[in-house]
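Dumped data03.txt below, it's compact mmCIF, C-alpha atoms and all ligand atoms:
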```txt
# COMPACT_ATOMS: atom_id res chain seq x y z
CA MET A 1 77.87 61.92 115.93
CA SER A 2 76.06 64.85 114.46
CA ALA A 3 76.56 66.00 110.91
CA PRO A 4 78.82 69.02 110.45
CA THR A 5 76.90 72.25 110.32
CA LEU A 6 77.07 74.20 107.12
CA ASP A 7 76.23 77.81 106.52
CA ALA A 8 73.06 78.29 104.58
CA PRO A 9 73.81 78.89 100.91
CA ARG A 10 74.52 82.54 100.11
CA SER A 11 74.55 83.45 103.77
CA ARG A 12 76.71 86.39 104.69
CA ARG A 13 80.22 85.20 105.42
CA GLN A 14 82.24 86.75 108.17
CA LEU A 15 85.41 87.65 106.30
CA THR A 16 87.10 89.86 108.85
CA LYS A 17 86.73 90.30 112.54
CA ASN A 18 86.03 94.00 112.44
CA ASN A 19 84.83 96.86 110.28
CA PHE A 20 88.23 98.44 109.81
CA GLU A 21 88.04 98.70 106.03
CA LEU A 22 84.52 100.09 106.12
CA ASN A 23 85.55 102.69 108.67
CA ALA A 24 88.63 103.59 106.63
CA TRP A 25 86.44 103.99 103.55
CA LEU A 26 84.07 106.27 105.49
CA PHE A 27 86.96 108.23 106.97
CA MET A 28 88.32 108.98 103.47
CA ARG A 29 85.00 110.57 102.57
CA ILE A 30 84.40 112.48 105.80
CA SER A 31 87.96 113.79 105.99
CA GLY A 32 87.76 114.61 102.28
CA VAL A 33 84.77 116.90 102.83
CA VAL A 34 86.47 118.72 105.72
CA LEU A 35 89.75 118.97 103.79
CA ILE A 36 88.00 120.74 100.92
CA ILE A 37 87.51 123.77 103.14
CA LEU A 38 90.78 123.48 105.05
CA VAL A 39 93.11 122.73 102.13
CA LEU A 40 91.52 124.83 99.40
CA GLY A 41 91.16 127.72 101.87
CA HIS A 42 94.82 127.32 102.82
CA LEU A 43 95.93 127.33 99.18
CA LEU A 44 93.75 130.31 98.31
CA ILE A 45 95.14 132.39 101.17
CA MET A 46 98.76 131.27 101.03
CA ASN A 47 99.32 130.88 97.28
CA ILE A 48 96.84 133.03 95.39
CA LEU A 49 95.55 136.07 97.30
CA ASP A 50 97.49 139.21 98.01
CA GLY A 51 100.85 138.27 96.47
CA GLY A 52 100.69 134.56 97.35
CA VAL A 53 103.90 132.85 98.39
CA HIS A 54 105.95 136.02 97.80
CA ARG A 55 104.64 137.65 100.96
CA ILE A 56 105.21 134.65 103.22
CA ASN A 57 108.03 134.86 105.73
CA PHE A 58 108.62 134.34 109.45
CA ALA A 59 106.70 137.48 110.41
CA PHE A 60 103.72 136.36 108.32
CA VAL A 61 103.65 132.99 110.08
CA ALA A 62 103.97 134.66 113.46
CA GLY A 63 101.02 136.91 112.62
CA ARG A 64 98.83 133.97 111.69
CA TRP A 65 99.71 131.73 114.60
CA ALA A 66 99.02 134.55 117.03
CA SER A 67 95.40 133.56 116.47
CA PRO A 68 94.01 130.31 117.91
CA PHE A 69 91.71 130.16 114.89
CA TRP A 70 94.57 129.54 112.46
CA GLN A 71 96.38 127.31 114.94
CA ILE A 72 93.36 125.02 115.14
CA TRP A 73 92.83 125.26 111.37
CA ASP A 74 96.41 124.20 110.69
CA LEU A 75 96.40 121.49 113.37
CA LEU A 76 93.20 119.94 112.05
CA MET A 77 94.44 120.17 108.48
CA LEU A 78 97.75 118.52 109.43
CA TRP A 79 96.13 115.56 111.18
CA LEU A 80 93.35 114.99 108.67
CA ALA A 81 95.53 115.36 105.56
CA MET A 82 98.27 113.13 106.97
CA ILE A 83 95.88 110.37 108.04
CA HIS A 84 93.86 110.66 104.82
CA GLY A 85 97.03 110.54 102.72
CA CYS A 86 98.49 107.71 104.80
CA ASN A 87 95.39 105.61 104.37
CA GLY A 88 95.30 106.40 100.67
CA LEU A 89 98.90 105.24 100.31
CA ARG A 90 98.13 102.12 102.35
CA THR A 91 95.51 101.22 99.74
CA ILE A 92 97.95 101.87 96.93
CA ILE A 93 100.68 99.74 98.54
CA ASN A 94 98.17 96.92 99.03
CA ASP A 95 97.24 97.23 95.35
CA TYR A 96 100.71 97.11 93.85
CA ALA A 97 103.11 95.41 96.26
CA SER A 98 102.29 91.76 95.82
CA LYS A 99 105.11 90.28 97.90
CA GLU A 100 104.33 90.05 101.59
CA GLY A 101 107.76 91.35 102.62
CA THR A 102 107.69 94.35 100.28
CA ARG A 103 104.20 95.23 101.44
CA LEU A 104 105.13 95.11 105.10
CA THR A 105 108.32 97.12 104.58
CA LEU A 106 106.59 99.84 102.57
CA LYS A 107 103.73 100.10 105.03
CA GLY A 108 106.19 100.20 107.92
CA LEU A 109 108.01 103.12 106.29
CA LEU A 110 104.70 104.85 105.54
CA TYR A 111 103.48 104.59 109.14
CA CYS A 112 106.80 105.78 110.56
CA ALA A 113 106.85 108.79 108.22
CA THR A 114 103.24 109.61 109.05
CA VAL A 115 103.71 109.45 112.82
CA LEU A 116 106.93 111.46 112.63
CA VAL A 117 105.49 114.22 110.47
CA ILE A 118 102.28 114.51 112.52
CA ALA A 119 104.37 114.71 115.70
CA LEU A 120 106.75 117.28 114.22
CA GLY A 121 103.96 119.48 112.85
CA THR A 122 101.96 119.33 116.07
CA LEU A 123 105.02 120.19 118.13
CA VAL A 124 105.78 123.17 115.91
CA ILE A 125 102.25 124.58 116.15
CA PHE A 126 102.15 124.20 119.94
CA THR A 127 105.66 125.43 120.72
CA PHE A 128 105.95 128.23 118.15
CA ASP A 129 107.83 131.18 119.62
CA PRO A 130 107.46 134.49 117.75
CA SER A 131 110.37 136.06 119.65
CA ILE A 132 112.90 133.33 118.82
CA SER A 133 116.09 134.57 117.12
CA MET B 1 90.65 100.30 74.83
CA ALA B 2 88.25 97.41 75.24
CA LYS B 3 87.80 95.85 71.82
CA SER B 4 85.00 93.34 72.13
CA ALA B 5 81.40 93.98 72.91
CA THR B 6 81.82 91.89 76.03
CA GLY B 7 84.86 93.91 77.10
CA THR B 8 84.98 96.09 80.13
CA LEU B 9 83.02 99.32 80.17
CA TYR B 10 85.66 100.85 82.37
CA ARG B 11 89.16 100.16 81.18
CA GLY B 12 90.67 102.84 78.99
CA HIS B 13 87.73 105.18 79.40
CA ASP B 14 87.31 108.43 81.29
CA GLY B 15 86.33 106.55 84.44
CA MET B 16 89.74 104.89 84.49
CA TRP B 17 91.69 108.05 83.67
CA SER B 18 89.90 110.11 86.32
CA TRP B 19 90.86 107.38 88.82
CA VAL B 20 94.49 107.30 87.63
CA ALA B 21 94.71 111.06 87.97
CA HIS B 22 93.10 110.92 91.44
CA ARG B 23 95.68 108.37 92.52
CA ILE B 24 98.69 110.23 91.11
CA THR B 25 97.60 113.60 92.52
CA GLY B 26 96.93 112.00 95.93
CA VAL B 27 100.44 110.50 96.11
CA LEU B 28 102.05 113.69 94.86
CA VAL B 29 100.29 115.85 97.42
CA PHE B 30 101.11 113.44 100.24
CA PHE B 31 104.84 113.55 99.46
CA PHE B 32 104.75 117.30 99.17
CA LEU B 33 103.02 117.45 102.55
CA LEU B 34 105.92 115.55 104.15
CA VAL B 35 108.35 118.15 102.74
CA HIS B 36 106.09 121.08 103.59
CA VAL B 37 105.62 120.21 107.27
CA THR B 38 109.39 119.87 107.50
CA ASP B 39 110.15 123.24 105.88
CA THR B 40 107.58 124.91 108.12
CA ALA B 41 109.28 123.33 111.14
CA LEU B 42 112.25 125.62 110.42
CA VAL B 43 110.32 128.38 112.22
CA ARG B 44 111.43 126.59 115.40
CA ILE B 45 115.11 127.01 114.46
CA SER B 46 115.29 130.69 113.55
CA PRO B 47 113.51 133.30 111.42
CA GLU B 48 116.52 133.32 109.07
CA ALA B 49 116.43 129.55 108.54
CA TYR B 50 112.73 129.75 107.67
CA ASN B 51 113.04 132.80 105.44
CA ASP B 52 115.96 131.25 103.55
CA ALA B 53 113.95 128.12 102.85
CA LEU B 54 110.98 130.21 101.72
CA GLU B 55 113.19 132.02 99.22
CA LEU B 56 113.38 128.76 97.31
CA TYR B 57 109.59 128.70 96.90
CA LYS B 58 109.79 132.17 95.36
CA THR B 59 112.21 131.21 92.57
CA PRO B 60 110.70 130.96 89.06
CA LEU B 61 111.00 127.19 88.66
CA VAL B 62 109.57 126.33 92.07
CA ASN B 63 106.89 128.97 91.54
CA LEU B 64 105.88 127.09 88.40
CA MET B 65 105.83 123.80 90.31
CA GLU B 66 103.55 125.53 92.83
CA VAL B 67 100.98 126.03 90.06
CA GLY B 68 101.23 122.31 89.33
CA LEU B 69 100.74 121.44 92.99
CA VAL B 70 97.70 123.71 93.36
CA GLY B 71 96.29 122.23 90.15
CA ALA B 72 96.86 118.70 91.47
CA VAL B 73 95.18 119.44 94.81
CA LEU B 74 92.26 121.16 93.10
CA TYR B 75 91.69 118.23 90.75
CA HIS B 76 91.92 115.75 93.63
CA ALA B 77 89.46 117.76 95.72
CA LEU B 78 86.94 118.22 92.89
CA ASN B 79 87.16 114.60 91.79
CA GLY B 80 86.87 113.62 95.47
CA VAL B 81 83.52 115.41 95.57
CA ARG B 82 82.50 113.49 92.45
CA ILE B 83 83.48 110.18 94.10
CA ILE B 84 81.57 111.05 97.26
CA LEU B 85 78.48 112.05 95.27
CA SER B 86 78.69 108.84 93.24
CA ASP B 87 78.76 106.88 96.51
CA PHE B 88 76.08 108.64 98.51
CA TRP B 89 73.76 110.44 96.10
CA ALA B 90 71.21 108.17 94.48
CA LYS B 91 71.60 109.87 91.10
CA GLY B 92 75.38 110.14 91.46
CA PRO B 93 76.37 107.15 89.32
CA LYS B 94 73.98 108.28 86.59
CA TYR B 95 75.57 111.71 86.44
CA GLN B 96 79.18 110.71 87.08
CA LYS B 97 80.17 111.50 83.51
CA SER B 98 78.57 114.93 83.49
CA MET B 99 80.09 115.54 86.91
CA LEU B 100 83.51 114.75 85.45
CA ARG B 101 82.94 117.26 82.67
CA SER B 102 81.74 119.84 85.22
CA ILE B 103 84.80 119.47 87.44
CA ILE B 104 87.08 119.93 84.44
CA VAL B 105 85.27 123.18 83.68
CA VAL B 106 85.47 124.31 87.33
CA TRP B 107 89.16 123.36 87.38
CA LEU B 108 89.85 125.55 84.34
CA VAL B 109 87.76 128.43 85.66
CA VAL B 110 89.75 128.44 88.91
CA MET B 111 93.18 127.58 87.53
CA ILE B 112 93.36 130.18 84.77
CA PRO B 113 93.04 133.22 87.05
CA GLY B 114 94.79 131.25 89.85
CA ALA B 115 97.86 130.59 87.71
CA TYR B 116 97.84 134.22 86.64
CA PHE B 117 98.03 135.45 90.23
CA MET B 118 100.58 132.83 91.29
CA LEU B 119 102.92 133.62 88.40
CA LEU B 120 102.40 137.38 88.23
CA ARG B 121 105.39 138.29 90.39
CA THR B 122 107.69 135.87 88.61
CA PHE B 123 106.74 137.33 85.22
CA GLN B 124 107.27 140.83 86.50
CA THR B 125 110.75 140.09 87.81
CA LEU B 126 111.75 138.01 84.77
CA PHE B 127 110.36 140.21 82.01
CA GLY B 128 109.36 143.49 83.63
CA ALA B 129 111.24 146.64 82.69
CA SER B 130 111.65 147.68 86.29
CA SER B 131 110.37 146.50 89.62
C1 LIG A 201 91.04 118.52 99.40
C2 LIG A 201 90.11 117.66 99.69
C3 LIG A 201 90.22 116.17 99.43
C4 LIG A 201 89.18 115.38 99.06
C5 LIG A 201 87.74 115.84 98.81
C6 LIG A 201 89.67 114.03 98.94
C7 LIG A 201 88.88 112.94 98.63
C8 LIG A 201 89.35 111.67 98.45
C9 LIG A 201 88.52 110.52 98.19
C10 LIG A 201 86.99 110.53 98.12
C11 LIG A 201 89.34 109.45 98.02
C12 LIG A 201 88.94 108.06 97.62
C13 LIG A 201 89.01 107.06 98.71
C14 LIG A 201 88.52 105.71 98.24
O1 LIG A 201 88.49 105.45 97.03
O2 LIG A 201 88.15 104.93 99.11
C15 LIG A 201 90.70 109.92 98.17
C16 LIG A 201 91.82 109.15 98.04
C17 LIG A 201 93.11 109.59 98.28
N1 LIG A 201 93.49 110.83 98.73
FE1 LIG A 201 92.28 112.40 98.96
N2 LIG A 201 91.01 114.01 99.22
C18 LIG A 201 91.40 115.31 99.53
C19 LIG A 201 92.68 115.70 99.92
C20 LIG A 201 93.80 114.89 99.93
C21 LIG A 201 95.12 115.29 100.40
C22 LIG A 201 95.47 116.68 100.96
C23 LIG A 201 95.94 114.21 100.22
C24 LIG A 201 97.40 114.07 100.54
C25 LIG A 201 97.89 114.27 101.73
C26 LIG A 201 95.15 113.15 99.66
C27 LIG A 201 95.63 111.90 99.34
C28 LIG A 201 94.87 110.85 98.87
C29 LIG A 201 95.39 109.56 98.48
C30 LIG A 201 96.86 109.15 98.47
C31 LIG A 201 94.29 108.78 98.11
C32 LIG A 201 94.30 107.32 97.62
C33 LIG A 201 94.06 107.26 96.14
C34 LIG A 201 93.74 105.87 95.64
O3 LIG A 201 93.49 104.96 96.44
O4 LIG A 201 93.72 105.73 94.42
N3 LIG A 201 93.86 113.58 99.51
N4 LIG A 201 90.68 111.28 98.44
```
Spell out the structure here as structure tokens.
Amino acid sequence: MSAPTLDAPRSRRQLTKNNFELNAWLFMRISGVVLIILVLGHLLIMNILDGGVHRINFAFVAGRWASPFWQIWDLLMLWLAMIHGCNGLRTIINDYASKEGTRLTLKGLLYCATVLVIALGTLVIFTFDPSIS
Amino acid sequence: MAKSATGTLYRGHDGMWSWVAHRITGVLVFFFLLVHVTDTALVRISPEAYNDALELYKTPLVNLMEVGLVGAVLYHALNGVRIILSDFWAKGPKYQKSMLRSIIVVWLVVMIPGAYFMLLRTFQTLFGASS
């Protein structure tokens, strides 16, 4: 019988089967950079310039979404912000919810809310009808 | 505050508070985003439904909360840049403290005129002689 094989001391241990956490970490940074332009631009236009929120109404939205540029802007912002925020909250739940059951429940709720809101927002951008009444 | 010389360099210091604020603003903005996508979805019901909901955003109290939200997003974005630079720029960790001071200055420089423009209408309707 041969002796059991041992890893060499200080050799790199395979802790997980994939690079999910590394990719999530990278995603937070890449989406963050893109969101700077999308989100701060959105806030500047919608909340600060030219009367801010006081000039926003249905007609204003219709005017913006007549342009594919703003449709794509809003769509990209929706997906990136929701996934970025969802992953951020996943980290926070993992940090504070120490009981397995609590953690799973909270993350289940988080994922449901995220999928629902992304679906709703996407549907609204694609099916917007300026002549609805 | 760490009391002993062997204590942590992190806990209770600006590095911790900037992280706490990043966390709180991130959560806050995420929950607002859930509400905001939903209120925007009212454009699929009728122009009136959407316009009615938007009236709420134009009331003085919610207008004030809007300043808070914009401030929270701006802090999160600026501090996010600081985190990214600390991770990827060789000199980032060395300058993280000066970067924190810089983002506070940028935040103030943007938020002071920003708050002025966001609240202008509310002040005019609340205190203006005529409108
Ligand atoms: C505007 C540009 C933004 C930038 C530059 C940015 C950047 C970042 C970065 C670098 C992190 C740290 C990730 C890590 O430590 O691994 C982070 C975390 C987070 N972000 Fe953002 N973000 C932005 C917008 C948003 C938005 C719009 C939301 C909400 C929908 C959001 C929610 C969060 C949350 C909840 C976390 C987790 C915080 C934590 O773990 O303590 N962020 N962000």
Could you put an axis-aligned box around every listed atom of ligand LIG 201 (chain A), padded by 3 Å on each side, and send me its centre and edge lengths in Å to one decimal, as AutoDock Vina command-line options?
```
--center_x 92.4 --center_y 111.7 --center_z 98.1 --size_x 16.9 --size_y 19.6 --size_z 13.3
```
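Residues from chain B found within 6 Å of chain A are B:Phe30, B:Val37, B:Ala41, B:Ser46, B:Pro47, B:Asn51, B:Lys58, B:Phe117, B:Met118, counting all atoms listed in the file.
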Worksheet item: With distances taken over only C-alpha atoms, which of B:Trp17, B:Trp107, B:Tyr57, B:Trp89 is nearest to Ala77 in chain B?
Response: B:Trp107
Worksheet item: Rounded to one decimal in Å, what is the spacing between atom C32 of ligand LIG 201 (chain A) and CA of Thr91 in chain A?
Response: 6.6 Å
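The shortest atom-to-atom distance to Val20 in chain B, with all atoms listed in the file taken into account, belongs to B:His76 out of B:Arg121, B:His36, B:Lys91, B:His76.
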Worksheet item: If you count all atoms listed in the file, which residues fall within 9 Å of Arg82 in chain B, apart from same-chain ones fewer than 6 positions away, as a ChimeraX atom specification?
Response: /B:92,96,99-100,103
Using 8 Å as the limit and counting only C-alpha atoms and all ligand atoms, can you tabulate each residue of chain B that touches ligand LIG 201 (chain A), with its shortest atom-to-atom distance in Å and the two atoms involved, as a tab-separated table?
```
residue	atom	partner	partner_atom	distance
B:Trp19	CA	A:LIG201	O4	6.5
B:Val20	CA	A:LIG201	O4	7.0
B:His22	CA	A:LIG201	O4	6.0
B:Arg23	CA	A:LIG201	O4	3.8
B:Ile24	CA	A:LIG201	C33	7.5
B:Thr25	CA	A:LIG201	C27	7.3
B:Gly26	CA	A:LIG201	C27	3.7
B:Val27	CA	A:LIG201	C30	4.5
B:Leu28	CA	A:LIG201	C24	7.4
B:Val29	CA	A:LIG201	C24	4.6
B:Phe30	CA	A:LIG201	C25	3.6
B:Phe31	CA	A:LIG201	C25	7.3
B:Phe32	CA	A:LIG201	C25	7.9
B:Leu33	CA	A:LIG201	C25	6.1
B:Val73	CA	A:LIG201	C1	6.2
B:Leu74	CA	A:LIG201	C1	6.9
B:His76	CA	A:LIG201	N2	5.9
B:Ala77	CA	A:LIG201	C5	4.0
B:Leu78	CA	A:LIG201	C5	6.4
B:Asn79	CA	A:LIG201	C5	7.2
B:Gly80	CA	A:LIG201	C7	3.8
B:Val81	CA	A:LIG201	C5	5.3
B:Arg82	CA	A:LIG201	C10	7.8
B:Ile83	CA	A:LIG201	C10	5.3
B:Ile84	CA	A:LIG201	C10	5.5
```
Worksheet entry | Who sits within 9 Å of range 107-109 of chain A, only C-alpha atoms, same chain under 3 positions skipped, as a PyMOL selection string | chain A and resi 89-90+93-94+102-104+112-114
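Taking CA of Leu119 in chain B and CA of Leu38 in chain A as the two end points, the separation is 23.0 Å.
Closest approach to Trp65 in chain A among B:Leu120, B:Lys94, B:Glu55, B:Val43: B:Val43, based on only C-alpha atoms.
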Worksheet item: What gap, in Å, lies between CA of Asp52 in chain B and CA of Thr38 in chain B?
Response: 13.7 Å
